[in-house]
Each structure stands twice: as C-alpha cells, then as structure tokens.
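*Asks:* Dropping in run_34.cif, with mmCIF, C-alpha atoms.
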```cif
data_coords
loop_
_atom_site.group_PDB
_atom_site.id
_atom_site.type_symbol
_atom_site.label_atom_id
_atom_site.label_comp_id
_atom_site.auth_asym_id
_atom_site.auth_seq_id
_atom_site.Cartn_x
_atom_site.Cartn_y
_atom_site.Cartn_z
ATOM 1 C CA MET A 1 11.643 -80.328 44.323
ATOM 2 C CA GLY A 2 7.916 -80.615 44.745
ATOM 3 C CA ILE A 3 4.821 -79.285 43.076
ATOM 4 C CA ILE A 4 2.394 -78.023 45.721
ATOM 5 C CA TRP A 5 -1.331 -77.605 45.041
ATOM 6 C CA LEU A 6 -3.940 -76.085 47.338
ATOM 7 C CA LEU A 7 -7.440 -77.575 47.441
ATOM 8 C CA VAL A 8 -10.373 -76.293 49.501
ATOM 9 C CA LEU A 9 -13.329 -78.636 50.099
ATOM 10 C CA VAL A 10 -16.656 -77.389 51.429
ATOM 11 C CA LEU A 11 -18.667 -80.291 52.834
ATOM 12 C CA GLY A 12 -22.286 -80.238 53.925
ATOM 13 C CA VAL A 13 -23.095 -81.283 57.501
ATOM 14 C CA PRO A 14 -26.760 -81.978 58.378
ATOM 15 C CA THR A 15 -27.812 -80.171 61.534
ATOM 16 C CA MET A 16 -31.186 -78.891 62.737
ATOM 17 C CA THR A 17 -30.315 -75.199 62.539
ATOM 18 C CA TRP A 18 -33.372 -73.304 61.331
ATOM 19 C CA ALA A 19 -33.314 -70.138 59.247
ATOM 20 C CA HIS A 20 -35.171 -67.086 60.559
ATOM 21 C CA ASP A 21 -37.461 -66.658 57.563
ATOM 22 C CA GLU A 22 -37.671 -70.186 56.176
ATOM 23 C CA THR A 23 -39.428 -73.378 57.119
ATOM 24 C CA LYS A 24 -36.559 -75.591 55.991
ATOM 25 C CA PRO A 25 -33.471 -76.297 58.062
ATOM 26 C CA GLU A 26 -30.215 -74.750 56.962
ATOM 27 C CA THR A 27 -27.347 -76.983 55.896
ATOM 28 C CA SER A 28 -24.282 -76.112 57.923
ATOM 29 C CA THR A 29 -20.943 -76.488 56.243
ATOM 30 C CA LEU A 30 -17.501 -77.624 57.254
ATOM 31 C CA THR A 31 -14.648 -76.077 55.267
ATOM 32 C CA VAL A 32 -11.241 -77.698 55.128
ATOM 33 C CA SER A 33 -8.153 -76.988 53.051
ATOM 34 C CA GLU A 34 -5.162 -79.137 52.282
ATOM 35 C CA THR A 35 -2.107 -79.185 50.050
ATOM 36 C CA GLY A 36 -0.692 -81.960 47.928
ATOM 37 C CA THR A 37 3.052 -82.239 47.364
ATOM 38 C CA VAL A 38 4.469 -84.427 44.615
ATOM 39 C CA PRO A 39 8.267 -84.713 44.461
ATOM 40 C CA HIS A 40 9.410 -84.203 40.901
ATOM 41 C CA ALA A 41 12.664 -82.807 39.579
ATOM 42 C CA PRO A 42 12.268 -79.610 37.534
ATOM 43 C CA ASP A 43 13.211 -79.953 33.891
ATOM 44 C CA THR A 44 12.961 -76.319 32.795
ATOM 45 C CA ALA A 45 14.228 -72.950 33.997
ATOM 46 C CA PHE A 46 12.954 -69.572 32.831
ATOM 47 C CA VAL A 47 15.517 -66.765 33.053
ATOM 48 C CA MET A 48 14.310 -63.162 32.755
ATOM 49 C CA PHE A 49 16.742 -60.404 31.825
ATOM 50 C CA GLY A 50 17.083 -57.449 29.523
ATOM 51 C CA LEU A 51 18.690 -54.179 28.631
ATOM 52 C CA GLU A 52 17.959 -50.538 29.363
ATOM 53 C CA THR A 53 19.594 -47.820 27.282
ATOM 54 C CA ALA A 54 19.276 -44.062 27.713
ATOM 55 C CA SER A 55 19.986 -41.239 25.313
ATOM 56 C CA LYS A 56 18.859 -37.731 24.490
ATOM 57 C CA SER A 57 17.618 -39.091 21.161
ATOM 58 C CA LEU A 58 15.012 -41.834 20.944
ATOM 59 C CA ALA A 59 16.548 -43.131 17.722
ATOM 60 C CA ASP A 60 19.962 -43.360 19.382
ATOM 61 C CA ALA A 61 18.569 -45.122 22.467
ATOM 62 C CA GLN A 62 16.806 -47.660 20.240
ATOM 63 C CA LYS A 63 19.892 -48.196 18.077
ATOM 64 C CA ARG A 64 22.143 -48.785 21.071
ATOM 65 C CA ASN A 65 19.596 -51.147 22.579
ATOM 66 C CA SER A 66 19.277 -53.111 19.335
ATOM 67 C CA THR A 67 23.050 -53.363 18.912
ATOM 68 C CA VAL A 68 23.649 -54.777 22.383
ATOM 69 C CA MET A 69 20.636 -57.100 22.296
ATOM 70 C CA SER A 70 21.924 -58.519 18.994
ATOM 71 C CA LYS A 71 25.153 -59.430 20.789
ATOM 72 C CA VAL A 72 23.123 -61.031 23.589
ATOM 73 C CA MET A 73 21.130 -63.082 21.065
ATOM 74 C CA ASP A 74 24.358 -64.187 19.373
ATOM 75 C CA ARG A 75 25.711 -65.327 22.734
ATOM 76 C CA LEU A 76 22.551 -67.322 23.411
ATOM 77 C CA ARG A 77 22.849 -68.948 20.003
ATOM 78 C CA ASP A 78 26.435 -69.890 20.823
ATOM 79 C CA LEU A 79 25.066 -71.556 23.967
ATOM 80 C CA GLN A 80 22.707 -73.591 21.759
ATOM 81 C CA ILE A 81 19.532 -71.894 23.018
ATOM 82 C CA GLU A 82 16.946 -72.245 20.249
ATOM 83 C CA ARG A 83 15.373 -69.013 18.991
ATOM 84 C CA GLU A 84 11.855 -70.271 19.716
ATOM 85 C CA ARG A 85 12.772 -70.537 23.407
ATOM 86 C CA ILE A 86 13.487 -66.806 23.599
ATOM 87 C CA GLN A 87 10.433 -64.585 24.052
ATOM 88 C CA THR A 88 10.195 -60.814 24.400
ATOM 89 C CA SER A 89 8.597 -60.102 27.787
ATOM 90 C CA SER A 90 8.256 -56.361 27.310
ATOM 91 C CA PHE A 91 9.519 -53.483 25.204
ATOM 92 C CA THR A 92 8.966 -49.987 26.531
ATOM 93 C CA VAL A 93 10.007 -46.427 25.749
ATOM 94 C CA SER A 94 9.997 -43.976 28.655
ATOM 95 C CA PRO A 95 10.509 -40.250 28.064
ATOM 96 C CA GLN A 96 12.648 -38.479 30.642
ATOM 97 C CA TYR A 97 11.570 -34.992 31.718
ATOM 98 C CA ARG A 98 13.507 -32.030 33.036
ATOM 99 C CA PRO A 99 12.766 -31.516 36.756
ATOM 100 C CA PRO A 100 10.350 -28.599 37.212
ATOM 101 C CA SER A 101 11.920 -25.337 38.346
ATOM 102 C CA ASN A 102 10.619 -23.297 41.243
ATOM 103 C CA ARG A 103 7.975 -20.899 39.977
ATOM 104 C CA PRO A 104 5.747 -18.380 41.737
ATOM 105 C CA THR A 105 2.425 -19.882 42.744
ATOM 106 C CA ASP A 106 0.543 -17.361 40.596
ATOM 107 C CA VAL A 107 2.395 -18.420 37.432
ATOM 108 C CA SER A 108 1.055 -21.294 35.339
ATOM 109 C CA PRO A 109 3.387 -24.317 35.281
ATOM 110 C CA ALA A 110 5.446 -24.753 32.137
ATOM 111 C CA SER A 111 4.852 -27.707 29.825
ATOM 112 C CA PRO A 112 7.078 -30.717 30.651
ATOM 113 C CA GLU A 113 10.305 -30.700 28.663
ATOM 114 C CA ILE A 114 11.588 -34.026 27.370
ATOM 115 C CA ILE A 115 15.353 -34.280 27.837
ATOM 116 C CA GLY A 116 15.885 -37.893 26.851
ATOM 117 C CA TYR A 117 14.517 -41.406 26.533
ATOM 118 C CA VAL A 118 15.013 -44.796 28.161
ATOM 119 C CA VAL A 119 14.407 -47.868 26.013
ATOM 120 C CA SER A 120 13.830 -51.120 27.894
ATOM 121 C CA ASN A 121 13.863 -54.533 26.202
ATOM 122 C CA MET A 122 13.156 -57.558 28.443
ATOM 123 C CA VAL A 123 13.231 -61.199 27.354
ATOM 124 C CA THR A 124 12.469 -64.575 28.914
ATOM 125 C CA VAL A 125 14.666 -67.521 27.989
ATOM 126 C CA GLU A 126 13.514 -71.110 28.451
ATOM 127 C CA ILE A 127 16.441 -73.331 29.393
ATOM 128 C CA ARG A 128 16.009 -77.098 29.268
ATOM 129 C CA ALA A 129 19.609 -78.022 30.023
ATOM 130 C CA LEU A 130 19.550 -77.015 33.686
ATOM 131 C CA ASP A 131 23.316 -77.311 34.050
ATOM 132 C CA LYS A 132 23.547 -74.280 31.713
ATOM 133 C CA VAL A 133 21.488 -71.894 33.847
ATOM 134 C CA GLY A 134 24.446 -70.295 35.614
ATOM 135 C CA THR A 135 26.431 -70.072 32.396
ATOM 136 C CA VAL A 136 23.548 -68.449 30.508
ATOM 137 C CA ILE A 137 23.105 -65.778 33.174
ATOM 138 C CA GLU A 138 26.831 -65.058 33.280
ATOM 139 C CA GLU A 139 27.238 -64.892 29.510
ATOM 140 C CA VAL A 140 24.257 -62.616 28.780
ATOM 141 C CA LEU A 141 25.496 -60.174 31.406
ATOM 142 C CA LYS A 142 28.952 -60.258 29.828
ATOM 143 C CA ALA A 143 27.350 -59.611 26.434
ATOM 144 C CA GLY A 144 25.785 -56.390 27.715
ATOM 145 C CA ALA A 145 22.477 -57.174 29.429
ATOM 146 C CA ASN A 146 22.192 -54.845 32.417
ATOM 147 C CA THR A 147 18.907 -55.937 33.994
ATOM 148 C CA PHE A 148 18.305 -59.316 35.597
ATOM 149 C CA GLN A 149 14.771 -60.005 36.823
ATOM 150 C CA GLY A 150 15.328 -63.492 38.217
ATOM 151 C CA LEU A 151 14.356 -67.029 37.284
ATOM 152 C CA HIS A 152 11.709 -69.607 38.077
ATOM 153 C CA TRP A 153 11.457 -73.345 37.631
ATOM 154 C CA GLY A 154 8.935 -75.309 35.643
ATOM 155 C CA LEU A 155 7.867 -78.693 34.320
ATOM 156 C CA ARG A 156 7.299 -79.412 30.645
ATOM 157 C CA GLU A 157 4.848 -82.227 31.421
ATOM 158 C CA GLU A 158 3.076 -80.528 34.298
ATOM 159 C CA GLN A 159 -0.413 -81.948 33.821
ATOM 160 C CA SER A 160 0.204 -85.453 35.198
ATOM 161 C CA VAL A 161 2.135 -84.112 38.196
ATOM 162 C CA ARG A 162 -0.604 -81.543 38.831
ATOM 163 C CA LEU A 163 -3.319 -84.215 38.819
ATOM 164 C CA ASN A 164 -1.371 -86.379 41.282
ATOM 165 C CA ALA A 165 -0.917 -83.387 43.586
ATOM 166 C CA LEU A 166 -4.639 -82.617 43.385
ATOM 167 C CA LYS A 167 -5.540 -86.234 44.128
ATOM 168 C CA GLN A 168 -3.293 -86.173 47.200
ATOM 169 C CA ALA A 169 -4.718 -82.841 48.404
ATOM 170 C CA ALA A 170 -8.291 -84.130 47.978
ATOM 171 C CA ALA A 171 -7.604 -87.297 49.975
ATOM 172 C CA LYS A 172 -5.956 -85.339 52.793
ATOM 173 C CA ALA A 173 -8.800 -82.808 52.869
ATOM 174 C CA ARG A 174 -11.414 -85.568 53.048
ATOM 175 C CA GLU A 175 -9.529 -87.294 55.865
ATOM 176 C CA LYS A 176 -9.285 -84.036 57.809
ATOM 177 C CA ALA A 177 -13.000 -83.383 57.348
ATOM 178 C CA SER A 178 -13.795 -86.895 58.592
ATOM 179 C CA VAL A 179 -11.728 -86.412 61.748
ATOM 180 C CA LEU A 180 -13.337 -83.027 62.447
ATOM 181 C CA SER A 181 -16.861 -84.312 61.890
ATOM 182 C CA GLU A 182 -16.259 -87.198 64.289
ATOM 183 C CA ALA A 183 -14.905 -84.853 66.947
ATOM 184 C CA LEU A 184 -17.892 -82.523 66.488
ATOM 185 C CA HIS A 185 -20.403 -85.409 66.486
ATOM 186 C CA VAL A 186 -21.862 -84.513 63.115
ATOM 187 C CA LYS A 187 -22.233 -86.524 59.939
ATOM 188 C CA LEU A 188 -20.749 -85.602 56.595
ATOM 189 C CA VAL A 189 -23.298 -85.852 53.801
ATOM 190 C CA ARG A 190 -21.689 -84.679 50.586
ATOM 191 C CA VAL A 191 -19.147 -82.317 49.091
ATOM 192 C CA LEU A 192 -20.853 -79.022 48.333
ATOM 193 C CA SER A 193 -18.006 -77.353 46.465
ATOM 194 C CA VAL A 194 -14.327 -77.621 45.676
ATOM 195 C CA ASN A 195 -12.056 -74.643 45.172
ATOM 196 C CA GLU A 196 -8.753 -75.364 43.486
ATOM 197 C CA GLY A 197 -5.907 -73.090 44.485
ATOM 198 C CA GLY A 198 -2.682 -72.329 42.669
ATOM 199 C CA HIS A 199 0.527 -74.268 42.552
ATOM 200 C CA VAL A 200 4.160 -73.674 43.355
ATOM 201 C CA VAL A 201 7.117 -75.452 41.790
ATOM 202 C CA ARG A 202 10.086 -75.454 44.129
ATOM 203 C CA PRO A 203 13.623 -76.679 43.377
ATOM 204 C CA ALA A 204 15.223 -79.186 45.699
ATOM 205 C CA VAL A 205 17.247 -77.783 48.596
ATOM 206 C CA ALA A 206 20.748 -79.171 48.763
ATOM 207 C CA MET A 207 21.436 -80.990 52.033
ATOM 208 C CA ALA A 208 24.727 -80.621 53.845
#
```
Output the file's structure as structure tokens, nothing else.
*Replies:*
Amino acid sequence: MGIIWLLVLVLGVPTMTWAHDETKPETSTLTVSETGTVPHAPDTAFVMFGLETASKSLADAQKRNSTVMSKVMDRLRDLQIERERIQTSSFTVSPQYRPPSNRPTDVSPASPEIIGYVVSNMVTVEIRALDKVGTVIEEVLKAGANTFQGLHWGLREEQSVRLNALKQAAAKAREKASVLSEALHVKLVRVLSVNEGGHVVRPAVAMA
C-alpha cells in the first residue's frame, strides 16, 4: 500500500520577454508536477452500510428501521467494535408519491398524493482489526442491513507519512524542473508557488 501525494511547483525562469504595456520584462514560468509515494501498510478500514425501510406509514417505517438497526448494532458490539467507532453518515426520510394519472391538458394537475415513506439510515464503521473487515460486512448484512456503500482504507497516524510523501514529491518536481531548464537553456531562479494536491491511500495488491 502507498500514500500518494500530488505537488505542483511553479518556478520562475528569467527571460527577456517584454510585456506590451510595461517597461519591465516579464518573468516566464516553468510548471512541473510530481507525485510522492510512500509505502505504508493501512491500519484502518472504514465500512459504509445501512438500512432502507419502506412503509405506508412514516411511524412504521421508522420503527422497522430502528428495530433492524438495533440488531445490527448488537452484532457490531459482539464483534468488539467500540460504539465511538460507529458514526451515522446520514438519516433521511423520503416521501413516495402516487404516479400522476393522465389528465386533459386544460385541467390543472392534482396535488401530489403521498402513498408511503422510505427511511434510510447509513452508518460508517471504523475497523482497526483489518482481519475483521470481511466478517463485519458479512455479519451486518446477516443482521438486516440491506445497503452496502463500500469501504476505504486509512492511516491513523497519517501526518508523518503525508509529510514524507510531500518531501519526495517536492524533490522529484525540483529535479524535473532542473532537467527541463537545462534542456531549454534557461536558468531557474526561485520557486514562485507550490500547489499541494490531494492524496490517495491504496491497499497492497496481492502478487501471484
């Protein structure tokens, strides 16, 4: 697994290119981008799942949702997942409407008629024992969860890994800029700006 960070360096290159309306020469720029990859095993997985229940009555849809989600929470507790590592991602109530009937064009449309409700309760579970990820997914689905939104990997101590990846990306970007400036017969003067991109944490790919 590696953490990948994108870094964009904008470096000033002195040339004698003159602006149309100024008496001072413009400073041309050379823009390079590079990535830094730091191998580091993930130590956390975030699993996202939930439950959708539908009923003609909102109270009934909520009650059914609460009953099943209580069973899911009990199953997570049995798997020794601490309560503070379970966060509600979203909770929504969506009214369901009767499809509109065909009406003459000169007749005003009828008001939408609610015929039921869908209650959606989504949670994110932080799993630190990575050997439990498959078991957690299987058990919550057995307990009644009917929506699985996927998982992503993370690092609890991300800062030090992030800084190492940035340092690597900066060194590679500077080296690339140096090679380009030499090929173009120009001289690098200074770094004008640095734009830090996002990062991606990727699990290791098993080799055959």
*Asks:* Might you spell out which residues the PyMOL selection byres ((chain A and resi 61-74) around 10) would select in the displayed file, as a ChimeraX atom specification?
*Replies:* /A:50-60,75-81,83,86,93,116-123,139-145
*Asks:* As an exercise, work out the distance from atom CA of Pro42 of chain A to atom CA of Ala129 of chain A in Å and give it to one decimal place.
*Replies:*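 Pair atom CA of Pro42 of chain A / atom CA of Ala129 of chain A returns 10.6 Å.
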*Asks:* Figure out the distance between atom CA of Glu34 of chain A and atom CA of Ala173 of chain A, please, to one decimal in Å.
*Replies:* 5.2 Å
*Asks:* Provide the atom CA of Gly154 of chain A to atom CA of Ile127 of chain A distance in Å, to one decimal place.
*Replies:*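 Taking atom CA of Gly154 of chain A and atom CA of Ile127 of chain A, their separation equals 10.0 Å.
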*Asks:* Quick one: of A:Arg85, A:Arg98, A:His152, A:Arg190, who's nearest to Ala45 of chain A, counting all atoms listed in the file?
*Replies:*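 Residue with the minimum atom-to-atom distance to Ala45 of chain A: A:His152.
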*Asks:* Within 7 Å of (12.1, -32.5, 27.6), in the coordinates the file gives, what residues turn up when you count all atoms listed in the file, written out as a list in words?
*Replies:* Gln96, Tyr97, Arg98, Pro112, Glu113, Ile114, Ile115 and Gly116 of chain A
*Asks:* May I have the residues from that selection written out with C-alpha atoms, as a PDB file, in the coordinates of the input?
*Replies:*
```
ATOM      1  CA  GLN A  96      12.648 -38.479  30.642  1.00  0.00           C
ATOM      2  CA  TYR A  97      11.570 -34.992  31.718  1.00  0.00           C
ATOM      3  CA  ARG A  98      13.507 -32.030  33.036  1.00  0.00           C
ATOM      4  CA  PRO A 112       7.078 -30.717  30.651  1.00  0.00           C
ATOM      5  CA  GLU A 113      10.305 -30.700  28.663  1.00  0.00           C
ATOM      6  CA  ILE A 114      11.588 -34.026  27.370  1.00  0.00           C
ATOM      7  CA  ILE A 115      15.353 -34.280  27.837  1.00  0.00           C
ATOM      8  CA  GLY A 116      15.885 -37.893  26.851  1.00  0.00           C
TER       9      GLY A 116
END
```
*Asks:* Which residue is closest to Arg174 of chain A? Choose from A:Val125, A:Val32, A:Val133, A:Leu192 and count only C-alpha atoms.
*Replies:* A:Val32
*Asks:* If the PyMOL selection byres ((chain A and resi 164) around 12) is run on the structure shown, which residues does it catch, given as a PyMOL selection string?
*Replies:* chain A and resi 2-5+35-40+158-163+165-171
*Asks:* Please, could N, CA and C atoms be added to segment 29-47 of chain A and the result written as a short mmCIF file (atom, residue, chain, number, x, y, z; two decimals), in the frame of the given file?
*Replies:*
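New file rebuild_14.cif:
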```cif
data_model
loop_
_atom_site.label_atom_id
_atom_site.label_comp_id
_atom_site.auth_asym_id
_atom_site.auth_seq_id
_atom_site.Cartn_x
_atom_site.Cartn_y
_atom_site.Cartn_z
N THR A 29 -22.06 -76.02 57.05
CA THR A 29 -20.94 -76.49 56.24
C THR A 29 -19.68 -76.57 57.07
N LEU A 30 -18.82 -77.46 56.66
CA LEU A 30 -17.50 -77.62 57.25
C LEU A 30 -16.49 -77.40 56.14
N THR A 31 -15.63 -76.42 56.30
CA THR A 31 -14.65 -76.08 55.27
C THR A 31 -13.26 -76.52 55.69
N VAL A 32 -12.61 -77.26 54.85
CA VAL A 32 -11.24 -77.70 55.13
C VAL A 32 -10.37 -77.38 53.92
N SER A 33 -9.09 -77.21 54.15
CA SER A 33 -8.15 -76.99 53.05
C SER A 33 -6.93 -77.85 53.28
N GLU A 34 -6.36 -78.30 52.20
CA GLU A 34 -5.16 -79.14 52.28
C GLU A 34 -4.29 -78.90 51.05
N THR A 35 -3.03 -79.29 51.17
CA THR A 35 -2.11 -79.18 50.05
C THR A 35 -1.60 -80.57 49.67
N GLY A 36 -1.30 -80.73 48.42
CA GLY A 36 -0.69 -81.96 47.93
C GLY A 36 0.70 -81.65 47.41
N THR A 37 1.68 -82.45 47.79
CA THR A 37 3.05 -82.24 47.36
C THR A 37 3.55 -83.48 46.64
N VAL A 38 3.96 -83.30 45.41
CA VAL A 38 4.47 -84.43 44.62
C VAL A 38 5.92 -84.14 44.26
N PRO A 39 6.85 -84.92 44.81
CA PRO A 39 8.27 -84.71 44.46
C PRO A 39 8.51 -84.98 42.98
N HIS A 40 9.11 -84.02 42.32
CA HIS A 40 9.41 -84.20 40.90
C HIS A 40 10.50 -83.20 40.52
N ALA A 41 11.56 -83.69 39.93
CA ALA A 41 12.66 -82.81 39.58
C ALA A 41 12.25 -81.84 38.48
N PRO A 42 12.59 -80.56 38.60
CA PRO A 42 12.27 -79.61 37.53
C PRO A 42 13.06 -79.96 36.29
N ASP A 43 12.49 -79.68 35.13
CA ASP A 43 13.21 -79.95 33.89
C ASP A 43 13.35 -78.70 33.03
N THR A 44 12.90 -77.56 33.55
CA THR A 44 12.96 -76.32 32.80
C THR A 44 13.22 -75.14 33.74
N ALA A 45 14.02 -74.21 33.27
CA ALA A 45 14.23 -72.95 34.00
C ALA A 45 13.89 -71.80 33.06
N PHE A 46 13.28 -70.76 33.60
CA PHE A 46 12.95 -69.57 32.83
C PHE A 46 13.74 -68.40 33.42
N VAL A 47 14.65 -67.86 32.63
CA VAL A 47 15.52 -66.76 33.05
C VAL A 47 15.01 -65.48 32.42
#
```
